[in-house]
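Student: Before I ask anything, here is the structure I am working with.
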Amino acid sequence: MSTPDPFDNLEDSSPNPSGPGHPDDERFMALAFEEAQRAAGRDEVPIGCVIVREGMVLGRAHNLTRTHTDPTCHAEMLAISQAARRLGVMRLVGATVYTTVEPCFMCAGALVHARVKRVVWAVRDPKFGGCASLGTVLSHPQANHQVEWHEGPMADASREILQTFFRSKRVVPRVSPGDA
Ligand SMILES: [Zn+2]
């Protein structure tokens, strides 16, 4: 008997309503999913992220925690750093972040620091998600910046690549993908 992987019990209900979708969401989430595929190809937990502003991709990355032996190398963190370097500023005002999995507390905190406008994720992370599952970092009313969020684009593919990755390990994951 095996323990179900973290995405077998994904619930659709939310303490916070997901904001509206945007016509470009599927297209940019597809780029984030490409990054997740690259992660899988490197034996990293397959999560990808793309940061976009005014139709321009400012950063794109996938998890590299194992490659760099660094627990902070989540896709979102790497993409934020890329985008900030590219713009030469710390604030990514007006940017939308596409990530295949709900950001963890670390990444959600960094996204608030970066003052992004909106975050879109494909699937929730019931064990580490800091935006809707376990916390409301993006939208906490007492924070000095609130980030809009939306969930669902490419959910099936993003969930499947994670499940395939964990099953390929033939071990029960002791951690959630957010702890990549
Ligand atoms: Zn994270």
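All residue names refer to the structure tokens as shown: chains lettered A, B, ... in order, residues numbered from 1 in each chain, ligands numbered from 1 in order.
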If you count only C-alpha atoms and all ligand atoms, which residues end up within 10 Å of ligand 1, as a ChimeraX atom specification?

Tutor: /A:47,63,71-78,99,101-110,128-130,177-180

Student: Go ahead and save the picked residues with C-alpha atoms, as a PDB file, in the first residue's frame.

Tutor:
ATOM      1  CA  ILE A  47       7.805  23.018 -11.892  1.00  0.00           C
ATOM      2  CA  ASN A  63      13.382  24.294 -10.331  1.00  0.00           C
ATOM      3  CA  PRO A  71      16.489  24.965  -1.287  1.00  0.00           C
ATOM      4  CA  THR A  72      15.853  28.520  -2.467  1.00  0.00           C
ATOM      5  CA  CYS A  73      16.253  27.660  -6.159  1.00  0.00           C
ATOM      6  CA  HIS A  74      12.551  27.366  -6.848  1.00  0.00           C
ATOM      7  CA  ALA A  75      11.408  28.276 -10.356  1.00  0.00           C
ATOM      8  CA  GLU A  76       9.703  31.455  -9.171  1.00  0.00           C
ATOM      9  CA  MET A  77      12.738  32.702  -7.230  1.00  0.00           C
ATOM     10  CA  LEU A  78      15.001  32.195 -10.222  1.00  0.00           C
ATOM     11  CA  THR A  99       3.845  29.075 -12.503  1.00  0.00           C
ATOM     12  CA  VAL A 101       2.230  25.023  -9.142  1.00  0.00           C
ATOM     13  CA  GLU A 102       0.847  27.323  -6.456  1.00  0.00           C
ATOM     14  CA  PRO A 103       3.800  29.243  -5.007  1.00  0.00           C
ATOM     15  CA  CYS A 104       5.122  28.253  -1.590  1.00  0.00           C
ATOM     16  CA  PHE A 105       5.448  30.752   1.259  1.00  0.00           C
ATOM     17  CA  MET A 106       8.998  31.651   0.266  1.00  0.00           C
ATOM     18  CA  CYS A 107       8.133  32.378  -3.342  1.00  0.00           C
ATOM     19  CA  ALA A 108       4.851  34.081  -2.524  1.00  0.00           C
ATOM     20  CA  GLY A 109       6.713  36.351  -0.121  1.00  0.00           C
ATOM     21  CA  ALA A 110       9.274  37.183  -2.789  1.00  0.00           C
ATOM     22  CA  PHE A 128       3.259  23.863   0.804  1.00  0.00           C
ATOM     23  CA  GLY A 129       1.082  26.320  -1.072  1.00  0.00           C
ATOM     24  CA  GLY A 130       1.225  29.725   0.550  1.00  0.00           C
ATOM     25  CA  PRO A 177       6.466  19.700  -4.814  1.00  0.00           C
ATOM     26  CA  GLY A 178       6.700  23.089  -3.154  1.00  0.00           C
ATOM     27  CA  ASP A 179       9.531  21.653  -1.115  1.00  0.00           C
ATOM     28  CA  ALA A 180      11.340  20.896  -4.339  1.00  0.00           C
TER      29      ALA A 180
END

Student: Any chance you could list, as an MDAnalysis selection string, the residues in range 1-156 of chain A that come up strand (DSSP E or B) when DSSP is run on the backbone?

Tutor: chainID A and resid 48:53 56:62 96:101 104 118:123 129 148:151

Student: Could you save those same residues with N, CA and C atoms as a PDB file, in the first residue's frame?

Tutor:
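Generated output (part_27.pdb):
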ATOM      1  N   GLY A  48       7.710  24.878 -13.441  1.00  0.00           N
ATOM      2  CA  GLY A  48       8.281  25.946 -14.254  1.00  0.00           C
ATOM      3  C   GLY A  48       7.567  27.264 -14.018  1.00  0.00           C
ATOM      4  N   CYS A  49       8.248  28.348 -14.359  1.00  0.00           N
ATOM      5  CA  CYS A  49       7.708  29.693 -14.122  1.00  0.00           C
ATOM      6  C   CYS A  49       8.136  30.639 -15.231  1.00  0.00           C
ATOM      7  N   VAL A  50       7.215  31.516 -15.610  1.00  0.00           N
ATOM      8  CA  VAL A  50       7.506  32.559 -16.596  1.00  0.00           C
ATOM      9  C   VAL A  50       6.947  33.872 -16.049  1.00  0.00           C
ATOM     10  N   ILE A  51       7.701  34.943 -16.201  1.00  0.00           N
ATOM     11  CA  ILE A  51       7.238  36.266 -15.772  1.00  0.00           C
ATOM     12  C   ILE A  51       7.085  37.154 -17.003  1.00  0.00           C
ATOM     13  N   VAL A  52       5.927  37.779 -17.113  1.00  0.00           N
ATOM     14  CA  VAL A  52       5.559  38.512 -18.321  1.00  0.00           C
ATOM     15  C   VAL A  52       5.085  39.919 -17.954  1.00  0.00           C
ATOM     16  N   ARG A  53       5.471  40.863 -18.767  1.00  0.00           N
ATOM     17  CA  ARG A  53       4.913  42.207 -18.630  1.00  0.00           C
ATOM     18  C   ARG A  53       4.713  42.792 -20.013  1.00  0.00           C
ATOM     19  N   MET A  56       5.826  40.786 -22.922  1.00  0.00           N
ATOM     20  CA  MET A  56       7.237  40.424 -23.034  1.00  0.00           C
ATOM     21  C   MET A  56       7.648  39.507 -21.883  1.00  0.00           C
ATOM     22  N   VAL A  57       8.326  38.425 -22.230  1.00  0.00           N
ATOM     23  CA  VAL A  57       8.811  37.503 -21.204  1.00  0.00           C
ATOM     24  C   VAL A  57      10.078  38.089 -20.586  1.00  0.00           C
ATOM     25  N   LEU A  58      10.010  38.361 -19.283  1.00  0.00           N
ATOM     26  CA  LEU A  58      11.144  38.969 -18.574  1.00  0.00           C
ATOM     27  C   LEU A  58      12.006  37.935 -17.864  1.00  0.00           C
ATOM     28  N   GLY A  59      11.406  36.804 -17.551  1.00  0.00           N
ATOM     29  CA  GLY A  59      12.156  35.761 -16.856  1.00  0.00           C
ATOM     30  C   GLY A  59      11.473  34.427 -17.061  1.00  0.00           C
ATOM     31  N   ARG A  60      12.247  33.392 -17.173  1.00  0.00           N
ATOM     32  CA  ARG A  60      11.665  32.051 -17.248  1.00  0.00           C
ATOM     33  C   ARG A  60      12.662  31.079 -16.651  1.00  0.00           C
ATOM     34  N   ALA A  61      12.151  30.162 -15.844  1.00  0.00           N
ATOM     35  CA  ALA A  61      13.060  29.284 -15.108  1.00  0.00           C
ATOM     36  C   ALA A  61      12.312  28.044 -14.647  1.00  0.00           C
ATOM     37  N   HIS A  62      13.085  27.054 -14.240  1.00  0.00           N
ATOM     38  CA  HIS A  62      12.516  25.864 -13.627  1.00  0.00           C
ATOM     39  C   HIS A  62      13.295  25.550 -12.363  1.00  0.00           C
ATOM     40  N   THR A  96       2.967  39.858 -14.584  1.00  0.00           N
ATOM     41  CA  THR A  96       2.177  38.664 -14.275  1.00  0.00           C
ATOM     42  C   THR A  96       3.122  37.468 -14.243  1.00  0.00           C
ATOM     43  N   VAL A  97       2.928  36.629 -13.246  1.00  0.00           N
ATOM     44  CA  VAL A  97       3.789  35.470 -13.036  1.00  0.00           C
ATOM     45  C   VAL A  97       2.983  34.205 -13.301  1.00  0.00           C
ATOM     46  N   TYR A  98       3.483  33.381 -14.193  1.00  0.00           N
ATOM     47  CA  TYR A  98       2.834  32.104 -14.506  1.00  0.00           C
ATOM     48  C   TYR A  98       3.686  30.993 -13.936  1.00  0.00           C
ATOM     49  N   THR A  99       3.090  30.174 -13.094  1.00  0.00           N
ATOM     50  CA  THR A  99       3.845  29.075 -12.503  1.00  0.00           C
ATOM     51  C   THR A  99       2.955  27.837 -12.485  1.00  0.00           C
ATOM     52  N   THR A 100       3.556  26.689 -12.720  1.00  0.00           N
ATOM     53  CA  THR A 100       2.749  25.485 -12.884  1.00  0.00           C
ATOM     54  C   THR A 100       2.185  24.966 -11.569  1.00  0.00           C
ATOM     55  N   VAL A 101       2.726  25.448 -10.452  1.00  0.00           N
ATOM     56  CA  VAL A 101       2.230  25.023  -9.142  1.00  0.00           C
ATOM     57  C   VAL A 101       2.070  26.259  -8.247  1.00  0.00           C
ATOM     58  N   CYS A 104       4.951  28.524  -3.018  1.00  0.00           N
ATOM     59  CA  CYS A 104       5.122  28.253  -1.590  1.00  0.00           C
ATOM     60  C   CYS A 104       5.212  29.585  -0.842  1.00  0.00           C
ATOM     61  N   ARG A 118       0.045  40.190 -10.620  1.00  0.00           N
ATOM     62  CA  ARG A 118      -0.861  39.045 -10.718  1.00  0.00           C
ATOM     63  C   ARG A 118      -0.051  37.748 -10.772  1.00  0.00           C
ATOM     64  N   VAL A 119      -0.589  36.700 -10.183  1.00  0.00           N
ATOM     65  CA  VAL A 119       0.046  35.384 -10.248  1.00  0.00           C
ATOM     66  C   VAL A 119      -0.988  34.383 -10.752  1.00  0.00           C
ATOM     67  N   VAL A 120      -0.585  33.568 -11.699  1.00  0.00           N
ATOM     68  CA  VAL A 120      -1.449  32.515 -12.234  1.00  0.00           C
ATOM     69  C   VAL A 120      -0.737  31.191 -12.024  1.00  0.00           C
ATOM     70  N   TRP A 121      -1.419  30.236 -11.402  1.00  0.00           N
ATOM     71  CA  TRP A 121      -0.816  28.909 -11.267  1.00  0.00           C
ATOM     72  C   TRP A 121      -1.764  27.856 -11.819  1.00  0.00           C
ATOM     73  N   ALA A 122      -1.177  26.724 -12.167  1.00  0.00           N
ATOM     74  CA  ALA A 122      -1.974  25.648 -12.766  1.00  0.00           C
ATOM     75  C   ALA A 122      -2.652  24.808 -11.696  1.00  0.00           C
ATOM     76  N   VAL A 123      -1.862  24.271 -10.767  1.00  0.00           N
ATOM     77  CA  VAL A 123      -2.432  23.406  -9.720  1.00  0.00           C
ATOM     78  C   VAL A 123      -1.987  23.882  -8.342  1.00  0.00           C
ATOM     79  N   GLY A 129       1.592  25.120  -0.419  1.00  0.00           N
ATOM     80  CA  GLY A 129       1.082  26.320  -1.072  1.00  0.00           C
ATOM     81  C   GLY A 129       0.800  27.449  -0.090  1.00  0.00           C
ATOM     82  N   GLU A 148      -3.150  39.960  -7.269  1.00  0.00           N
ATOM     83  CA  GLU A 148      -4.275  39.196  -7.818  1.00  0.00           C
ATOM     84  C   GLU A 148      -3.795  37.793  -8.151  1.00  0.00           C
ATOM     85  N   TRP A 149      -4.690  36.828  -8.086  1.00  0.00           N
ATOM     86  CA  TRP A 149      -4.280  35.492  -8.506  1.00  0.00           C
ATOM     87  C   TRP A 149      -5.417  34.763  -9.203  1.00  0.00           C
ATOM     88  N   HIS A 150      -5.001  33.815  -9.990  1.00  0.00           N
ATOM     89  CA  HIS A 150      -5.943  33.008 -10.773  1.00  0.00           C
ATOM     90  C   HIS A 150      -5.346  31.613 -10.882  1.00  0.00           C
ATOM     91  N   GLU A 151      -6.178  30.598 -10.907  1.00  0.00           N
ATOM     92  CA  GLU A 151      -5.648  29.242 -10.984  1.00  0.00           C
ATOM     93  C   GLU A 151      -6.389  28.430 -12.038  1.00  0.00           C
TER      94      GLU A 151
END

Student: Might you pull out every residue within 12 Å of Gly55 in chain A, with only C-alpha atoms counted and same-chain residues fewer than 5 positions away left off, and present them as a list in words?

Tutor: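 Skipping anything fewer than 5 positions along the chain leaves Pro23, Asp24, Asp25, Arg27, Phe28, Val50, Gly94, Ala95, Thr96 and Val97 of chain A.
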
Student: In chain A, what's alpha helix (DSSP H) per DSSP? Answer as a PyMOL selection string?

Tutor: chain A and resi 25-41+65-68+75-87+105-113+155-168

Student: Between A:Ala32, A:Val45, A:Val112, A:Ala40, which has the minimum distance to Ala79 in chain A (counting only C-alpha atoms)?

Tutor: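 For Ala79 in chain A, the nearest of the given residues is A:Ala32.
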
Student: Choose the residue, out of A:Ile161, A:Ala155, A:Val93, A:Ala84, that has the smallest atom-to-atom separation from Arg38 in chain A; count only C-alpha atoms.

Tutor: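 Using only C-alpha atoms, the shortest distance to Arg38 in chain A belongs to A:Ile161.
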
Student: For Phe33 in chain A, which residue out of A:Lys127, A:Leu134, A:Pro46, A:Phe166 is the nearest one, using only C-alpha atoms?

Tutor: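 Smallest separation from Phe33 in chain A among the options: A:Pro46.
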
Student: Excluding Arg42 in chain A and any residue of its chain fewer than 5 positions from it, enumerate the residues within 10 Å of it, using only C-alpha atoms, and give them as a ChimeraX atom specification.

Tutor: /A:36-37,62-64,66-67

Student: Taking into account only C-alpha atoms, which residue in the set A:Asp70, A:Asn144, A:Asp43, A:Lys117 is nearest to Phe165 in chain A?

Tutor: A:Asp43

Student: State, in Å with one decimal place, the distance from CA of Asp156 in chain A to CA of Leu111 in chain A.

Tutor: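 CA of Leu111 in chain A lies 24.6 Å from CA of Asp156 in chain A.
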